[in-house]
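Colleague: Below you will find the structure I want to go over with you.
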Amino acid sequence: MKRQETIRLDNLRIGYRVRHEEHVVAERLTASIPSGELTCLLGRNGAGKSTLLRTLAAFQSPLGGSIELFNRPLSDYTDRELSHRLGVVLTDKCDLTNMTVVDLVAMGRAPYTGFWGRLTPEDLEEVKRAVAAVGIETLVDRKIQTLSDGERQKAMIAKALAQQTPVILLDEPTAFLDYPSKVEIMQLLHRLTREAGKTIFLSTHDLELALQIADRLWLMKRGEPLTTGTPEDLSIDGTLAGFFPQRGIAFEPTMGLFRIENRYHRQVRLTGNGILRAMAEKALRRIGIDPSAEEAEFVITAAQDFTIQRGESAIRCRTIGELLNHIEAKEAESVRITDTAGSAAINQDR
């Protein structure tokens, strides 16, 4: 099923005007955000992610090009009209005190409550639904300052849901969270696109989570046009492999994820299968040993435990910790022998 374009950029140029001078952050930005999907904006610091998100939210004007929201120029919308179509959650921590969670979520109803801000039974029902959607029913009477970062972020998302907008924009929603909370928030946002039909666009530095959870990626590089697509398509065509061209980082196309690229100073041959072999390979690579050699001084077999075969002798290790200790001890012994032989040769020359 082809999804409707919710937001479309055409040759957009973004940045700031200071007096009569333009400071361009990014330009030649052309892309679209499909409805009912989670789209993640990725890029290095300074690429212009936050500036782009603020421009899409109409917090600042573009320097050139165009933005359309539901096939209508963003600049044609009044503030009231936008408040019914766009919900925004910024990265700034919420410093409100002496306000309960339910009061914060109820602020999302401001576009509908009129001058006096009185909540109708219908408004209260929408607040209740928003709270339930993010799973914070037990927190409604808690003060905002008593919440964890993850709980506070859920409350802010509930506020955006109470606003009943078809589109929600978020700037670094997982910035202050621990890893389990990051995963929970990203899964929550993805679930909202499916269960509530929301179109969600967010900027993030959480590359691994975006690659696993996002329906679509926008890749932003300073001085270059946007590259967009599903994480899988961008893996297949090599785009992601070249997105972070930095020594020590490698893209694994079969997994669709980035990994640390280790420097190797030694090789061994590792055999076996299953989780023991996988974890042994991970550990060996971490300490700078390439486990993929066809021929090597050591042959390590991962079965019920670990066996190190060196010539005719074999040593068994119960854990990976023991395995690494033995290998590193042998390396240290080899260095001592080399140093002793070198010193003897120097003395002989003298």
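Residue numbering restarts at 1 in every chain; chains get A, B, ... in the order shown in the structure tokens, and ligands count up from 1 in that same order.
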Would you pick out the contacts of A:Leu169 at 10 Å or less, using only C-alpha atoms, so that residues sharing its chain but fewer than 4 positions from it are not included, and give the list as a PyMOL selection string?
Modeller: chain A and resi 39+53-54+56-57+86-90+160+173+199-203
Colleague: For the residues selected in the previous step, produce a file with N, CA and C atoms as a short mmCIF file (atom, residue, chain, number, x, y, z; two decimals), in the first residue's frame.
Modeller:
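The resulting file, part14.cif, is reproduced below:
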```
data_model
loop_
_atom_site.label_atom_id
_atom_site.label_comp_id
_atom_site.auth_asym_id
_atom_site.auth_seq_id
_atom_site.Cartn_x
_atom_site.Cartn_y
_atom_site.Cartn_z
N THR A 39 10.05 7.80 11.12
CA THR A 39 11.20 8.22 10.34
C THR A 39 12.23 8.83 11.27
N LEU A 53 14.70 20.13 12.17
CA LEU A 53 13.50 19.78 12.90
C LEU A 53 12.74 21.03 13.35
N ARG A 54 13.46 22.03 13.80
CA ARG A 54 12.82 23.28 14.22
C ARG A 54 12.17 23.99 13.03
N LEU A 56 10.93 22.38 10.36
CA LEU A 56 9.73 21.60 10.05
C LEU A 56 8.61 21.91 11.04
N ALA A 57 8.98 22.24 12.28
CA ALA A 57 7.98 22.56 13.30
C ALA A 57 7.50 24.01 13.20
N LEU A 86 0.40 19.48 14.14
CA LEU A 86 1.77 19.15 14.54
C LEU A 86 1.92 19.16 16.05
N GLY A 87 2.38 18.05 16.61
CA GLY A 87 2.80 18.02 18.01
C GLY A 87 4.32 17.97 18.06
N VAL A 88 4.93 18.67 18.99
CA VAL A 88 6.38 18.78 19.04
C VAL A 88 6.87 18.46 20.45
N VAL A 89 7.90 17.60 20.52
CA VAL A 89 8.56 17.29 21.80
C VAL A 89 10.04 17.59 21.62
N LEU A 90 10.52 18.61 22.32
CA LEU A 90 11.91 19.03 22.18
C LEU A 90 12.81 18.29 23.17
N ALA A 160 1.86 15.22 23.91
CA ALA A 160 1.74 15.38 22.46
C ALA A 160 0.57 14.55 21.92
N PRO A 173 14.60 12.38 21.44
CA PRO A 173 13.75 11.95 22.55
C PRO A 173 14.41 10.99 23.53
N THR A 199 2.08 9.78 12.38
CA THR A 199 3.29 9.96 11.58
C THR A 199 4.32 10.60 12.51
N ILE A 200 5.42 9.89 12.76
CA ILE A 200 6.39 10.35 13.76
C ILE A 200 7.75 10.53 13.10
N PHE A 201 8.31 11.71 13.32
CA PHE A 201 9.63 12.06 12.77
C PHE A 201 10.49 12.53 13.93
N LEU A 202 11.69 11.94 14.05
CA LEU A 202 12.56 12.33 15.17
C LEU A 202 14.02 12.36 14.74
N SER A 203 14.76 13.23 15.40
CA SER A 203 16.21 13.24 15.25
C SER A 203 16.81 12.44 16.39
#
```
Colleague: Can you tell me, as number ranges by chain, which residues in stretch 12-74 of chain A count as strand (DSSP E) by DSSP?
Modeller: A: 12-18, 21-34, 38-43, 64-69, 72-73
Colleague: Let me see the file: selected residues, N, CA and C atoms, as a compact mmCIF listing (two decimals), in the first residue's frame.
Modeller:
```txt
# COMPACT_ATOMS: atom_id res chain seq x y z
N LEU A 12 15.01 22.60 0.01
CA LEU A 12 14.96 23.42 1.22
C LEU A 12 16.36 23.89 1.62
N ARG A 13 16.43 25.14 2.04
CA ARG A 13 17.67 25.70 2.60
C ARG A 13 17.35 26.20 4.00
N ILE A 14 18.13 25.74 4.98
CA ILE A 14 17.84 26.09 6.38
C ILE A 14 19.04 26.77 7.03
N GLY A 15 18.75 27.52 8.07
CA GLY A 15 19.80 28.22 8.80
C GLY A 15 19.21 29.38 9.56
N TYR A 16 20.00 30.43 9.72
CA TYR A 16 19.59 31.57 10.54
C TYR A 16 19.88 32.88 9.82
N ARG A 17 19.07 33.86 10.13
CA ARG A 17 19.33 35.22 9.66
C ARG A 17 19.76 36.07 10.85
N VAL A 18 20.92 36.64 10.75
CA VAL A 18 21.43 37.55 11.78
C VAL A 18 21.57 38.91 11.13
N GLU A 21 22.30 39.18 7.31
CA GLU A 21 23.15 38.10 6.79
C GLU A 21 22.50 36.74 7.03
N GLU A 22 22.64 35.88 6.02
CA GLU A 22 22.16 34.51 6.14
C GLU A 22 23.30 33.58 6.55
N HIS A 23 23.04 32.73 7.51
CA HIS A 23 24.00 31.70 7.92
C HIS A 23 23.38 30.34 7.57
N VAL A 24 23.80 29.79 6.45
CA VAL A 24 23.21 28.55 5.94
C VAL A 24 23.80 27.35 6.69
N VAL A 25 22.93 26.52 7.22
CA VAL A 25 23.35 25.29 7.91
C VAL A 25 23.31 24.11 6.97
N ALA A 26 22.28 24.04 6.13
CA ALA A 26 22.15 22.94 5.15
C ALA A 26 21.27 23.43 4.00
N GLU A 27 21.47 22.84 2.84
CA GLU A 27 20.69 23.24 1.67
C GLU A 27 20.52 22.04 0.74
N ARG A 28 19.75 22.26 -0.32
CA ARG A 28 19.43 21.20 -1.30
C ARG A 28 18.76 20.00 -0.63
N LEU A 29 17.87 20.28 0.31
CA LEU A 29 17.19 19.22 1.04
C LEU A 29 15.85 18.91 0.37
N THR A 30 15.76 17.74 -0.21
CA THR A 30 14.52 17.30 -0.86
C THR A 30 14.19 15.90 -0.37
N ALA A 31 13.01 15.75 0.22
CA ALA A 31 12.61 14.45 0.77
C ALA A 31 11.15 14.52 1.17
N SER A 32 10.59 13.38 1.55
CA SER A 32 9.21 13.35 2.02
C SER A 32 9.08 12.39 3.19
N ILE A 33 8.10 12.65 4.05
CA ILE A 33 7.80 11.80 5.20
C ILE A 33 6.47 11.11 4.94
N PRO A 34 6.47 9.79 4.79
CA PRO A 34 5.20 9.08 4.55
C PRO A 34 4.35 9.04 5.82
N LEU A 38 7.51 5.62 11.27
CA LEU A 38 8.51 6.23 12.14
C LEU A 38 9.74 6.52 11.29
N THR A 39 10.05 7.80 11.12
CA THR A 39 11.20 8.22 10.34
C THR A 39 12.23 8.83 11.27
N CYS A 40 13.48 8.36 11.16
CA CYS A 40 14.56 8.84 12.02
C CYS A 40 15.58 9.64 11.21
N LEU A 41 15.94 10.79 11.72
CA LEU A 41 16.94 11.67 11.11
C LEU A 41 18.28 11.43 11.80
N LEU A 42 19.28 11.01 11.02
CA LEU A 42 20.61 10.70 11.56
C LEU A 42 21.65 11.61 10.95
N GLY A 43 22.68 11.92 11.71
CA GLY A 43 23.78 12.73 11.20
C GLY A 43 24.71 13.12 12.33
N GLY A 64 15.16 29.25 2.15
CA GLY A 64 14.79 29.07 0.76
C GLY A 64 14.14 27.72 0.55
N GLY A 65 13.60 27.50 -0.64
CA GLY A 65 12.91 26.25 -0.91
C GLY A 65 11.53 26.23 -0.28
N SER A 66 10.95 25.05 -0.17
CA SER A 66 9.59 24.96 0.33
C SER A 66 9.38 23.74 1.22
N ILE A 67 8.39 23.87 2.12
CA ILE A 67 7.92 22.76 2.96
C ILE A 67 6.41 22.69 2.80
N GLU A 68 5.91 21.51 2.50
CA GLU A 68 4.47 21.30 2.43
C GLU A 68 4.03 20.32 3.50
N LEU A 69 2.93 20.66 4.16
CA LEU A 69 2.30 19.80 5.15
C LEU A 69 0.91 19.45 4.64
N ARG A 72 -0.01 21.35 1.47
CA ARG A 72 -0.26 22.79 1.61
C ARG A 72 1.00 23.42 2.18
N PRO A 73 1.44 24.58 1.63
CA PRO A 73 2.66 25.21 2.14
C PRO A 73 2.58 25.43 3.66
```
Colleague: Which polymer residues have any atom within 8 Å of an atom of stretch 127-143 of chain A, counting only C-alpha atoms, with same-chain residues fewer than 2 positions away left out, as a list of chain:residue names?
Modeller: A:Thr97, A:Asn98, A:Met99, A:Thr100, A:Val101, A:Val102, A:Val105, A:Ala106, A:Arg109, A:Asp123, A:Leu124, A:Glu125, A:Gln145, A:Thr146, A:Leu147, A:Glu151, A:Lys154, A:Ala155, A:Ile157, A:Ala158, A:Lys159, A:Leu161, A:Ala162, A:Leu188
Colleague: Could you give me the residues within stretch 54-273 of chain A that DSSP places in alpha helix (DSSP H), as an MDAnalysis selection string?
Modeller: chainID A and resid 54:56 79:83 101:106 110:113 121:134 149:162 179:195 207:213 231:236
Colleague: Which residues are near stretch 227-234 of chain A? Cut-off 10 Å, only C-alpha atoms, ignore same chain within fewer than 4 positions. Put them as a PyMOL selection string.
Modeller: chain A and resi 29-33+39-41+210-221+238-241+243+253-257
Colleague: Take the residues just selected and output them with N, CA and C atoms as a PDB file, in the first residue's frame.
Modeller:
```pdb
ATOM      1  N   LEU A  29      17.872  20.284   0.305  1.00  0.00           N
ATOM      2  CA  LEU A  29      17.191  19.219   1.044  1.00  0.00           C
ATOM      3  C   LEU A  29      15.852  18.911   0.373  1.00  0.00           C
ATOM      4  N   THR A  30      15.761  17.740  -0.214  1.00  0.00           N
ATOM      5  CA  THR A  30      14.523  17.297  -0.860  1.00  0.00           C
ATOM      6  C   THR A  30      14.190  15.895  -0.366  1.00  0.00           C
ATOM      7  N   ALA A  31      13.013  15.747   0.216  1.00  0.00           N
ATOM      8  CA  ALA A  31      12.611  14.452   0.765  1.00  0.00           C
ATOM      9  C   ALA A  31      11.148  14.524   1.169  1.00  0.00           C
ATOM     10  N   SER A  32      10.595  13.379   1.545  1.00  0.00           N
ATOM     11  CA  SER A  32       9.209  13.352   2.021  1.00  0.00           C
ATOM     12  C   SER A  32       9.082  12.391   3.190  1.00  0.00           C
ATOM     13  N   ILE A  33       8.099  12.646   4.045  1.00  0.00           N
ATOM     14  CA  ILE A  33       7.801  11.798   5.198  1.00  0.00           C
ATOM     15  C   ILE A  33       6.468  11.113   4.943  1.00  0.00           C
ATOM     16  N   THR A  39      10.050   7.797  11.125  1.00  0.00           N
ATOM     17  CA  THR A  39      11.198   8.221  10.337  1.00  0.00           C
ATOM     18  C   THR A  39      12.233   8.830  11.272  1.00  0.00           C
ATOM     19  N   CYS A  40      13.481   8.361  11.163  1.00  0.00           N
ATOM     20  CA  CYS A  40      14.563   8.843  12.024  1.00  0.00           C
ATOM     21  C   CYS A  40      15.577   9.635  11.208  1.00  0.00           C
ATOM     22  N   LEU A  41      15.942  10.792  11.724  1.00  0.00           N
ATOM     23  CA  LEU A  41      16.939  11.669  11.113  1.00  0.00           C
ATOM     24  C   LEU A  41      18.279  11.430  11.804  1.00  0.00           C
ATOM     25  N   ALA A 210      17.943   3.205  15.841  1.00  0.00           N
ATOM     26  CA  ALA A 210      17.284   3.682  14.629  1.00  0.00           C
ATOM     27  C   ALA A 210      17.355   2.638  13.522  1.00  0.00           C
ATOM     28  N   LEU A 211      18.505   1.982  13.388  1.00  0.00           N
ATOM     29  CA  LEU A 211      18.658   0.977  12.340  1.00  0.00           C
ATOM     30  C   LEU A 211      17.749  -0.226  12.570  1.00  0.00           C
ATOM     31  N   GLN A 212      17.409  -0.494  13.831  1.00  0.00           N
ATOM     32  CA  GLN A 212      16.592  -1.664  14.133  1.00  0.00           C
ATOM     33  C   GLN A 212      15.102  -1.368  14.215  1.00  0.00           C
ATOM     34  N   ILE A 213      14.734  -0.114  14.504  1.00  0.00           N
ATOM     35  CA  ILE A 213      13.331   0.184  14.788  1.00  0.00           C
ATOM     36  C   ILE A 213      12.682   1.089  13.748  1.00  0.00           C
ATOM     37  N   ALA A 214      13.436   1.992  13.137  1.00  0.00           N
ATOM     38  CA  ALA A 214      12.845   2.969  12.211  1.00  0.00           C
ATOM     39  C   ALA A 214      12.307   2.303  10.949  1.00  0.00           C
ATOM     40  N   ASP A 215      11.196   2.849  10.436  1.00  0.00           N
ATOM     41  CA  ASP A 215      10.688   2.413   9.130  1.00  0.00           C
ATOM     42  C   ASP A 215      11.483   3.055   7.996  1.00  0.00           C
ATOM     43  N   ARG A 216      11.974   4.260   8.248  1.00  0.00           N
ATOM     44  CA  ARG A 216      12.684   5.011   7.209  1.00  0.00           C
ATOM     45  C   ARG A 216      13.756   5.877   7.863  1.00  0.00           C
ATOM     46  N   LEU A 217      14.850   6.080   7.167  1.00  0.00           N
ATOM     47  CA  LEU A 217      15.942   6.921   7.650  1.00  0.00           C
ATOM     48  C   LEU A 217      16.121   8.118   6.735  1.00  0.00           C
ATOM     49  N   TRP A 218      16.458   9.248   7.344  1.00  0.00           N
ATOM     50  CA  TRP A 218      16.992  10.406   6.622  1.00  0.00           C
ATOM     51  C   TRP A 218      18.437  10.565   7.074  1.00  0.00           C
ATOM     52  N   LEU A 219      19.362  10.475   6.162  1.00  0.00           N
ATOM     53  CA  LEU A 219      20.778  10.622   6.483  1.00  0.00           C
ATOM     54  C   LEU A 219      21.234  12.008   6.073  1.00  0.00           C
ATOM     55  N   MET A 220      21.746  12.753   7.047  1.00  0.00           N
ATOM     56  CA  MET A 220      22.108  14.155   6.825  1.00  0.00           C
ATOM     57  C   MET A 220      23.606  14.331   6.995  1.00  0.00           C
ATOM     58  N   LYS A 221      24.257  14.783   5.921  1.00  0.00           N
ATOM     59  CA  LYS A 221      25.689  15.051   5.936  1.00  0.00           C
ATOM     60  C   LYS A 221      25.904  16.505   5.563  1.00  0.00           C
ATOM     61  N   GLY A 238      24.849   0.109  -0.055  1.00  0.00           N
ATOM     62  CA  GLY A 238      26.147   0.579   0.410  1.00  0.00           C
ATOM     63  C   GLY A 238      26.156   1.972   1.007  1.00  0.00           C
ATOM     64  N   THR A 239      24.985   2.620   1.071  1.00  0.00           N
ATOM     65  CA  THR A 239      24.928   3.993   1.592  1.00  0.00           C
ATOM     66  C   THR A 239      25.373   4.062   3.047  1.00  0.00           C
ATOM     67  N   LEU A 240      24.857   3.150   3.877  1.00  0.00           N
ATOM     68  CA  LEU A 240      25.199   3.187   5.303  1.00  0.00           C
ATOM     69  C   LEU A 240      26.670   2.889   5.538  1.00  0.00           C
ATOM     70  N   ALA A 241      27.253   2.014   4.720  1.00  0.00           N
ATOM     71  CA  ALA A 241      28.673   1.681   4.882  1.00  0.00           C
ATOM     72  C   ALA A 241      29.554   2.904   4.705  1.00  0.00           C
ATOM     73  N   PHE A 243      28.478   6.078   5.273  1.00  0.00           N
ATOM     74  CA  PHE A 243      27.917   7.249   5.959  1.00  0.00           C
ATOM     75  C   PHE A 243      28.818   7.758   7.076  1.00  0.00           C
ATOM     76  N   PRO A 253      27.017  -5.410   6.621  1.00  0.00           N
ATOM     77  CA  PRO A 253      25.807  -5.388   5.787  1.00  0.00           C
ATOM     78  C   PRO A 253      24.866  -6.555   6.019  1.00  0.00           C
ATOM     79  N   THR A 254      25.384  -7.714   6.414  1.00  0.00           N
ATOM     80  CA  THR A 254      24.500  -8.865   6.622  1.00  0.00           C
ATOM     81  C   THR A 254      23.618  -8.686   7.859  1.00  0.00           C
ATOM     82  N   MET A 255      24.084  -7.880   8.821  1.00  0.00           N
ATOM     83  CA  MET A 255      23.301  -7.601  10.021  1.00  0.00           C
ATOM     84  C   MET A 255      22.605  -6.256   9.941  1.00  0.00           C
ATOM     85  N   GLY A 256      23.103  -5.367   9.055  1.00  0.00           N
ATOM     86  CA  GLY A 256      22.527  -4.037   8.952  1.00  0.00           C
ATOM     87  C   GLY A 256      22.860  -3.151  10.127  1.00  0.00           C
ATOM     88  N   LEU A 257      24.016  -3.405  10.770  1.00  0.00           N
ATOM     89  CA  LEU A 257      24.422  -2.651  11.959  1.00  0.00           C
ATOM     90  C   LEU A 257      25.893  -2.269  11.869  1.00  0.00           C
TER      91      LEU A 257
END
```
Colleague: Could you state the separation of atom CA of A:Ala280 and atom CA of A:Arg316 in Å, given to one decimal place?
Modeller: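 Between atom CA of A:Ala280 and atom CA of A:Arg316 the gap is 13.8 Å.
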Colleague: Could you name the residues that touch A:Ser292 at 12 Å or less, counting only C-alpha atoms, but leaving out those on the same chain fewer than 5 positions away, as an MDAnalysis selection string?
Modeller: chainID A and resid 264 266:272 277 280:282 284:285 298:300
Colleague: What gap, in Å, lies between atom CA of A:Ala58 and atom CA of A:Asn71?
Modeller: 15.6 Å
Colleague: Nearest to A:Gln153 among A:Leu104, A:Leu226, A:Val167, A:Leu119, with distances taken over only C-alpha atoms: which residue is it?
Modeller: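 So, comparing all the options, the nearest one is A:Leu104.
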